[in-house]
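What follows is a set of notes on a single structure, which appears directly below.
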Amino acid sequence: MMIRTVSTQPFNDQKPGTSGLRKRVPVFQQPHYLENFVQSIFDSIAAPRGAALVLGGDGRYYNREAIQIILKMAAANGFGKVLVGQGGILSTPAASCVIRKHQTFGGIILSASHNPGGPEGDFGIKYNVTNGGPAPEKVTEAIYARSKQIAEYFILDAPDVALDKIGVSKLGDMQVEIIDPVADYAGLMASLFDFGAIRNLLASGFRIKFDAMHAVTGPYAREILEQQLGAPAGSVMNAEPLPDFGKGHPDPNLTYAHELVEILYGDNAPDFGAASDGDGDRNMILGKKFFVTPSDSLAILAANATLAPGYKAGLAGIARSMPTSAAADRVAQALDIPCFETPTGWKFFGNLMDADKVTLCGEESFGTGSNHVREKDGLWAVLFWLNILAARKQPAENIVREHWVKFGRNVYSRHDYEGLPTDAANSLMQHLHDSFSGLRGQQFGQYEIQFCDDFSYTDPVDGSVSTGQGVRIIFTDGSRIVFRLSGTGTEGATLRIYLEAYEPDIAKHHLDAQTALAELIRIAEEISQLRKRTGREKPTVIT
Ligand code: G1P
Ligand code: ZN
């Protein structure tokens, strides 16, 4: 088998975003496009000869083709071994788990997370480092810099590798090991949670529904929830991973997971519902006719963590992304542990976990996780909730309401405006920046602005600084409005407006979040001149 050196020219758009490089499938299908990016990864990470790599993806359209290309390039670039999930499948948290367990030189994950898939849908690729977490900015910057210089890449001329049969084969001098994509991950889950107690809960008639949204978690949820924990067959819905996710939008929120929402809000609803996204790192938690916000979920997991065997020694600390509500901060304060506020994106949690500063972390965007891997983890959150439900023997809604009574309620919502013209979105953000100095001290109804800024973060471990991470308008009573542009979209711009108000008054805890936040929503529109600048009357998605 021959290594071919292929001449190429740089593409100028290979800058990784919040979570790797994401583009439409046809962009990735252009000659040399994927190859250039993969070679840029290999050139910048400089793995020692013979190093091992993990490779897998969420099964979306182009996953298998990309796996073949990457395998042949890994062989040509001197890797000694690649561990590939059977069928090219590995959920993002499972990939992180495999990297850590087998101590490989990181891994390549193929996913565009919750973005739709299919021939015209999205595809994505990212490199995770040796701790199993997303590459930090200095690595992604180096990859981007390399992609702008690249002149050639290396690929083995070889037949395709059989991806569906577990076992070891050779590709040139490199070993390819096809592994069971679920086994290592399921083993890790069993070591963290009280499977016996969850099994008893499910045997007692407690009914659950998990929506895999035709994405990667289907096989994981079937094995763990139905096989190992005994949930009746059919407890996992949309369990078959499909390359186009059944034409759905595999994002577990109230809008896109409406099938599950209708079941949990319908007659004879199950006791507990959950969903995960395209690559298995997000989660949505529902009780019977009750939605748990991701920000509350993080706080509640933290407050109840010692009920799960894997966390019975307590937590070192908690981290949340800046736009995530401060509910977790209140728990951290009560537990007398530190709470860190990081920019959006999981990559900022890795250093804190590696330095043992935090055990749990989470984002308002349906992401929760812990130091068991270095990615957020959808099924892990579901199992954590089931463990707590099994231990407390109360409905999910009661657990949340009791939490609010104890800590107060951080009323929270996010409004997304998707598919905006990039110019309009940029002008709105610029307008906010230009308004900073005039806004301070201004009164809007009951709210007075204390300060506004563009969030920046200094990593307490390596001192690296990340600026421009979102405009914060903070009011004197601690309420907040945050404006950010998405870094994961592939079409136009998405504006995210995050709204948060603290409500200590138990008498008001029953209020719907949109009602409780109505005044802040109005202020956000006014300050940003949203309607004038975007022409939009209402958000595309409310969570
Ligand atoms: C979004 C979420 C962010 C999450 C990321 C990857 O990024 O807001 O919290 O880490 O997806 O799942 P954004 O599109 O806002 O840049
Ligand atoms: Zn995801």
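In the structure tokens, chains take the letters A, B, ... in the order shown, each chain's residues start at 1, and ligands count up from 1 in the order shown.
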
Go through the chains and note each residue within 8 Å of ligand 2, using only C-alpha atoms and all ligand atoms, then give the set as a list in words.
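Using only C-alpha atoms and all ligand atoms, everything at most 8 Å from ligand 2 comes to Thr92, Ser111, Ala112, Ser113, His114, Asp251, Asp277, Gly278, Asp279, Gly280, Asp281 and Arg282 of chain A.
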
Any idea what's packed within 8 Å of Ile497 of chain A, counting only C-alpha atoms, ignoring anything in its chain fewer than 6 positions away? Could you give it as a list in words?
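Neighbouring residues, sequence-local ones excluded: Arg414, His415, Asp416, Ile481, Val482, Phe483, Arg484 and Ala524 of chain A.
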
So which residues are near ligand 1, meaning at most 9 Å away with only C-alpha atoms and all ligand atoms counted, given back as a VMD selection string?
chain A and resid 17 to 19 112 to 114 281 to 282 321 323 to 324 343 to 347 362 to 367 376 484 to 489 494 to 496

Distance criterion (only C-alpha atoms): nearest to Thr130 of chain A out of A:Gly419, A:Gly350, A:Pro338, A:Gly88
A:Gly350

Secondary structure check, helix (DSSP H, G or I) residues of segment 318-366 of chain A, as a ChimeraX atom specification:
/A:327-335,346-348,350-354

Applying 8 Å and only C-alpha atoms, which residues near segment 433-447 of chain A remain after dropping the ones on its own chain fewer than 6 positions away? List them as a PyMOL selection string.
chain A and resi 453-454+471+475-477+519+523

What lies within 10 Å of Lys81 of chain A using only C-alpha atoms, ignoring chain neighbours under 6 positions off, as a count of residues only?
18

Correct to one decimal, the distance atom CA of Gly56 of chain A-atom CA of Gln228 of chain A is 23.8 Å

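Summary of the local environment: counting only C-alpha atoms, residues at most 8 Å from Ile143 of chain A, other than itself and those fewer than 4 positions away along its chain, are Phe37, Ser40, Ile41, Asp43, Ser44, Val139 and Ser147 of chain A.
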